[in-house]
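Student: Quick one, work.txt (compact mmCIF, C-alpha atoms):
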# COMPACT_ATOMS: atom_id res chain seq x y z
CA MET W 1334 -22.75 -38.89 31.63
CA ALA W 1335 -25.63 -36.42 31.31
CA ARG W 1336 -28.66 -37.51 29.31
CA TYR W 1337 -32.37 -36.80 29.08
CA THR W 1338 -34.37 -39.39 31.02
CA GLY W 1339 -37.88 -37.94 30.78
CA PRO W 1340 -40.77 -39.00 28.50
CA VAL W 1341 -39.60 -38.59 24.90
CA CYS W 1342 -43.10 -38.27 23.43
CA ARG W 1343 -43.38 -35.06 25.42
CA LEU W 1344 -40.50 -33.65 23.35
CA CYS W 1345 -42.31 -34.32 20.07
CA ARG W 1346 -45.43 -32.63 21.41
CA ARG W 1347 -43.41 -29.63 22.55
CA GLU W 1348 -41.83 -29.19 19.12
CA GLY W 1349 -45.10 -29.91 17.31
CA THR W 1350 -43.53 -32.48 14.97
CA LYS W 1351 -42.53 -36.13 14.99
CA LEU W 1352 -38.87 -36.50 15.95
CA PHE W 1353 -39.03 -40.32 15.61
CA LEU W 1354 -37.58 -40.79 19.08
CA LYS W 1355 -39.37 -44.14 19.52
CA GLY W 1356 -38.69 -45.60 16.10
CA GLU W 1357 -41.51 -47.57 14.49
CA ARG W 1358 -43.97 -46.64 17.26
CA CYS W 1359 -44.00 -43.09 15.87
CA LEU W 1360 -45.56 -44.43 12.65
CA THR W 1361 -48.45 -46.16 14.44
CA GLY W 1362 -51.64 -44.94 16.07
CA LYS W 1363 -49.89 -45.08 19.43
CA CYS W 1364 -47.90 -41.95 18.61
CA ALA W 1365 -48.60 -39.38 21.34
CA LEU W 1366 -48.49 -36.50 18.83
CA ASP W 1367 -51.28 -38.07 16.76
CA ARG W 1368 -53.44 -38.56 19.84
CA ARG W 1369 -52.72 -35.19 21.45
CA SER W 1370 -51.10 -32.59 19.24
CA THR W 1371 -50.99 -29.74 21.77
CA ALA W 1372 -47.82 -28.78 23.64
CA PRO W 1373 -47.43 -30.40 27.09
CA GLY W 1374 -48.24 -28.54 30.28
CA GLN W 1375 -51.20 -26.71 31.79
CA HIS W 1376 -51.19 -23.99 29.11
CA GLY W 1377 -50.12 -26.17 26.19
CA ALA W 1378 -53.39 -25.75 24.33
CA ALA W 1379 -53.31 -21.94 24.59
CA ASN W 1380 -53.02 -20.04 21.33
CA LYS W 1381 -49.73 -18.20 21.85
CA LYS W 1382 -48.12 -15.73 19.50
CA VAL W 1383 -44.67 -16.98 18.50
CA ARG W 1384 -42.13 -14.21 18.08
CA GLU W 1385 -38.88 -14.28 16.11
CA TYR W 1386 -36.76 -15.40 19.08
CA GLY W 1387 -39.27 -18.12 19.90
CA MET W 1388 -39.05 -19.52 16.36
CA GLN W 1389 -35.26 -19.55 16.52
CA LEU W 1390 -35.24 -21.22 19.93
CA ARG W 1391 -37.72 -23.89 18.89
CA GLU W 1392 -35.65 -24.74 15.81
CA LYS W 1393 -32.55 -25.18 17.94
CA GLN W 1394 -34.41 -27.32 20.46
CA LYS W 1395 -35.94 -29.43 17.69
CA THR W 1396 -32.52 -30.10 16.16
CA LYS W 1397 -30.94 -30.94 19.52
CA ARG W 1398 -33.68 -33.37 20.38
CA TYR W 1399 -33.77 -35.00 16.96
CA TYR W 1400 -30.10 -35.95 17.27
CA GLY W 1401 -30.21 -36.56 21.03
CA VAL W 1402 -27.59 -33.91 21.89
CA LEU W 1403 -27.66 -31.77 25.04
CA GLU W 1404 -27.09 -28.02 25.23
CA LYS W 1405 -23.32 -27.79 25.84
CA PRO W 1406 -22.27 -30.37 23.22
CA PHE W 1407 -24.66 -28.72 20.75
CA ALA W 1408 -23.04 -25.33 21.37
CA ASN W 1409 -19.64 -26.95 20.80
CA TYR W 1410 -20.85 -28.38 17.48
CA TYR W 1411 -22.03 -24.92 16.47
CA ALA W 1412 -18.67 -23.37 17.38
CA GLU W 1413 -16.89 -26.00 15.28
CA ALA W 1414 -19.31 -25.45 12.37
CA GLU W 1415 -18.63 -21.72 12.54
CA ARG W 1416 -14.86 -22.29 12.24
CA LYS W 1417 -15.24 -24.36 9.10
CA SER W 1418 -15.48 -22.86 5.63
CA GLY W 1419 -18.89 -22.82 4.00
CA MET W 1420 -22.34 -22.21 5.42
CA THR W 1421 -22.43 -22.53 9.21
CA GLY W 1422 -25.92 -24.03 9.35
CA GLU W 1423 -25.13 -26.76 6.85
CA ASN W 1424 -21.81 -27.47 8.57
CA LEU W 1425 -23.69 -27.93 11.85
CA LEU W 1426 -26.12 -30.49 10.43
CA ILE W 1427 -23.31 -32.39 8.71
CA LEU W 1428 -21.33 -32.58 11.97
CA LEU W 1429 -24.39 -33.99 13.73
CA GLU W 1430 -24.94 -36.52 10.93
CA ARG W 1431 -21.36 -37.75 11.32
CA ARG W 1432 -21.89 -38.82 14.95
CA LEU W 1433 -21.34 -42.56 15.36
CA ASP W 1434 -24.73 -43.16 16.99
CA ASN W 1435 -26.42 -41.46 14.04
CA VAL W 1436 -24.39 -43.59 11.59
CA VAL W 1437 -25.51 -46.78 13.37
CA TYR W 1438 -29.11 -45.53 13.08
CA ARG W 1439 -28.63 -44.67 9.39
CA MET W 1440 -27.26 -48.18 8.80
CA GLY W 1441 -30.66 -49.47 9.89
CA LEU W 1442 -29.21 -51.29 12.89
CA ALA W 1443 -31.28 -49.39 15.46
CA ASP W 1444 -34.91 -48.31 15.61
CA SER W 1445 -33.99 -44.90 17.06
CA ARG W 1446 -30.89 -42.82 17.77
CA LYS W 1447 -31.40 -43.46 21.48
CA GLN W 1448 -31.19 -47.20 20.86
CA ALA W 1449 -28.16 -46.69 18.61
CA ARG W 1450 -26.46 -44.72 21.38
CA GLN W 1451 -27.13 -47.55 23.85
CA LEU W 1452 -25.75 -50.17 21.46
CA VAL W 1453 -22.54 -48.17 21.02
CA LEU W 1454 -22.19 -47.59 24.77
CA HIS W 1455 -22.54 -51.35 25.33
CA ALA W 1456 -19.62 -51.98 22.97
CA HIS W 1457 -21.55 -53.84 20.24
CA PHE W 1458 -19.74 -51.99 17.42
CA THR W 1459 -16.23 -51.58 16.09
CA LEU W 1460 -14.73 -48.63 14.22
CA ASN W 1461 -11.96 -49.61 11.82
CA GLY W 1462 -11.65 -52.94 13.61
CA LYS W 1463 -11.33 -51.48 17.12
CA LYS W 1464 -13.94 -51.61 19.87
CA VAL W 1465 -15.67 -48.28 20.38
CA THR W 1466 -17.97 -47.06 23.17
CA ILE W 1467 -18.26 -43.32 22.43
CA PRO W 1468 -21.49 -42.41 20.56
CA SER W 1469 -20.28 -38.89 19.75
CA ILE W 1470 -17.23 -39.96 17.74
CA SER W 1471 -17.26 -38.21 14.37
CA VAL W 1472 -16.73 -40.57 11.44
CA LYS W 1473 -14.69 -39.61 8.40
CA VAL W 1474 -14.36 -40.85 4.83
CA GLY W 1475 -12.88 -44.36 4.73
CA ASP W 1476 -14.06 -45.37 8.21
CA VAL W 1477 -15.62 -48.82 8.53
CA ILE W 1478 -18.31 -49.45 11.13
CA ALA W 1479 -19.30 -53.02 11.97
CA VAL W 1480 -21.19 -55.06 14.52
CA LYS W 1481 -18.68 -56.74 16.83
CA GLU W 1482 -18.31 -60.45 16.10
CA ALA W 1483 -19.12 -61.45 19.68
CA SER W 1484 -22.39 -59.48 19.56
CA ARG W 1485 -23.83 -60.94 16.36
CA ASP W 1486 -25.46 -63.92 18.09
CA LEU W 1487 -27.19 -61.86 20.79
CA THR W 1488 -30.97 -62.05 20.34
CA THR W 1489 -31.54 -58.28 20.27
CA VAL W 1490 -28.64 -57.52 17.93
CA LYS W 1491 -29.52 -60.44 15.65
CA ALA W 1492 -33.09 -59.15 15.31
CA LEU W 1493 -31.82 -55.65 14.45
CA ILE W 1494 -29.48 -57.05 11.78
CA GLU W 1495 -32.36 -58.99 10.22
CA GLY W 1496 -34.61 -55.91 10.33
CA ALA W 1497 -31.97 -53.74 8.65
CA ALA W 1498 -32.49 -55.55 5.34
CA SER W 1499 -35.72 -53.66 4.68
CA LYS W 1500 -34.39 -50.20 5.59
CA LEU W 1501 -32.87 -47.68 3.20
CA SER W 1502 -29.41 -46.23 3.82
CA PRO W 1503 -28.04 -42.84 2.73
CA LYS W 1504 -25.78 -42.71 -0.32
CA TRP W 1505 -22.78 -41.52 1.73
CA LEU W 1506 -22.73 -44.90 3.47
CA GLU W 1507 -21.85 -48.13 1.64
CA VAL W 1508 -23.80 -50.63 3.72
CA ASN W 1509 -23.43 -54.39 3.57
CA LYS W 1510 -26.63 -55.63 5.20
CA GLU W 1511 -25.53 -59.27 5.26
CA ASN W 1512 -22.28 -58.57 7.09
CA ALA W 1513 -23.76 -55.70 9.15
CA THR W 1514 -20.96 -53.36 8.13
CA ALA W 1515 -20.81 -49.90 6.58
CA LYS W 1516 -18.08 -47.82 5.00
CA VAL W 1517 -18.19 -44.03 4.89
CA VAL W 1518 -17.64 -43.32 1.18
CA ALA W 1519 -18.32 -39.56 1.38
CA LEU W 1520 -19.24 -36.91 3.88
CA PRO W 1521 -22.99 -36.31 4.14
CA ALA W 1522 -24.33 -33.37 2.15
CA ARG W 1523 -27.25 -31.10 3.08
CA GLU W 1524 -29.54 -32.84 0.57
CA ASP W 1525 -28.87 -36.18 2.29
CA ILE W 1526 -30.63 -34.96 5.44
CA ASP W 1527 -34.28 -35.80 4.93
CA PHE W 1528 -35.73 -34.04 7.99
CA ASP W 1529 -37.28 -30.58 7.77
CA PHE W 1530 -34.71 -28.28 9.40
CA ASN W 1531 -34.39 -24.53 9.02
CA GLU W 1532 -30.77 -24.23 10.08
CA GLN W 1533 -30.67 -20.51 9.28
CA LEU W 1534 -32.86 -19.87 12.34
CA ILE W 1535 -30.24 -21.57 14.52
CA VAL W 1536 -27.50 -19.41 13.01
CA GLU W 1537 -29.56 -16.31 13.71
CA LEU W 1538 -30.11 -17.39 17.31
CA TYR W 1539 -26.40 -17.94 18.01
CA SER W 1540 -25.51 -14.73 16.19
CA LYS W 1541 -27.36 -12.52 18.68
Will you turn the file into structure tokens for me?

Tutor:
Amino acid sequence: MARYTGPVCRLCRREGTKLFLKGERCLTGKCALDRRSTAPGQHGAANKKVREYGMQLREKQKTKRYYGVLEKPFANYYAEAERKSGMTGENLLILLERRLDNVVYRMGLADSRKQARQLVLHAHFTLNGKKVTIPSISVKVGDVIAVKEASRDLTTVKALIEGAASKLSPKWLEVNKENATAKVVALPAREDIDFDFNEQLIVELYSK
């Protein structure tokens, strides 16, 4: 299974914004972007003129990296968003929000989407009572996501469950922090996505 294995702080520096790829660390003074805000590489500090295509490309790369999706799957999400009725850009973000690893992160049961992906791959969660190991599964209204009973006593998982109590969850998820379960009560809407995306730039890029 293909995945990015390089330094994730480098990605935040390249996009010039915090993508929260290391969870709580991104909120501390150890954040690489706070210490060195220039883009990585020999010419990262150079003052370059960003053209229209460059802006569109950077927005696509930022969105991909925020959700932890590689190029081909991202293109597939865009194609699916384009087939749906409504605004393509909003459809794209909603499809990405519905990924199971993102839902686990939104439940507060992981410090980052990368950690959420690992927890799903290691079979610590169930979907509608059945074991699931595919982070890219798209949840739908009525689905119930829960920590697997056998995983609840593991030290790492137990600490994440305890930490989830202080984290906010989106309104489209009905989260029971005590039981470490969540029910999808509605599909996410554009206003539920609290990160600064300009999805129209992505649409313009793919429309070329």

Student: Need the shell around W:Val1453: protein/DNA/RNA residues with any atom at most 12 Å away, counting all atoms listed in the file. Skip same-chain ones fewer than 4 positions apart. Format as a PyMOL selection string?

Tutor: chain W and resi 1432-1438+1442-1443+1446-1449+1457-1460+1464-1470+1478-1481+1484+1490

Student: Excluding W:Gln1394 and residues on its chain fewer than 2 positions from it, collect all residues at most 10 Å away from it, counting all atoms listed in the file, and give them as a PyMOL selection string.

Tutor: chain W and resi 1344+1347-1348+1388-1392+1396-1399+1402-1404+1407+1535

Student: Measuring atom to atom with all atoms listed in the file, identify which of W:Tyr1400, W:Thr1514, W:Leu1429, W:Phe1353 is nearest to W:Ala1414.

Tutor: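 Checking each of W:Tyr1400, W:Thr1514, W:Leu1429, W:Phe1353 against W:Ala1414, counting all atoms listed in the file, the winner is W:Leu1429.
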
Student: One decimal, Å: what's the distance from atom CA of W:Asp1529 over to atom CA of W:Arg1431, could you say?

Tutor: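 According to the coordinates, atom CA of W:Asp1529 and atom CA of W:Arg1431 are separated by 17.8 Å.
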
Student: For W:Leu1520, list every protein, DNA or RNA residue within 9 Å, evaluated using all atoms listed in the file, and leave out those in the same chain fewer than 3 positions away; present the list as a list in words.

Tutor: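 So, after excluding close chain neighbours, the residues are Ile1427, Arg1431, Val1472, Lys1473, Val1474, Trp1505, Leu1506 and Val1517 of chain W.
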
Student: Could you check which of W:Arg1523, W:Lys1381, W:Lys1351, W:Lys1541 is closest to W:Glu1423, using only C-alpha atoms?

Tutor: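 Smallest separation from W:Glu1423 among the options: W:Arg1523.
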
Student: Nearest residue to W:Pro1406 out of W:Arg1450, W:Gly1419, W:Lys1504, W:Arg1336, using all atoms listed in the file?

Tutor: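 Of W:Arg1450, W:Gly1419, W:Lys1504, W:Arg1336, the one nearest W:Pro1406, counting all atoms listed in the file, is W:Arg1336.
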
Student: Rank W:Glu1385, W:Glu1524, W:Asp1444, W:Glu1495 by their smallest atom-to-atom distance to W:Glu1430, using all atoms listed in the file, and report the top residue only.

Tutor: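 The answer is W:Glu1524, which sits nearest to W:Glu1430.
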
Student: Could you state the separation of atom CA of W:Leu1425 and atom CA of W:Tyr1411 in Å, given to one decimal place?

Tutor: 5.8 Å

Student: Of the candidates W:Gly1401, W:Gly1496, W:Gly1475, W:Pro1503, which shows the shortest atom-to-atom distance to W:Lys1516, using only C-alpha atoms?

Tutor: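 Counting only C-alpha atoms, the residue closest to W:Lys1516 is W:Gly1475.
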
Student: Interatomic distance between atom CA of W:Ser1540 and atom CA of W:Lys1393?

Tutor: 12.7 Å

Student: Out of W:Glu1482, W:Val1518, W:Glu1507, W:Leu1493, which residue has the shortest atom-to-atom distance to W:Ser1445 when counting all atoms listed in the file?

Tutor: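 Closest to W:Ser1445 of all the choices is W:Leu1493.
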
Student: Counting all atoms listed in the file, find the residues whose atoms lie at most 12 Å from (-25.0, -60.7, 1.9) (file coordinates) and write them out as a PyMOL selection string.

Tutor: chain W and resi 1494-1495+1497-1498+1508-1514
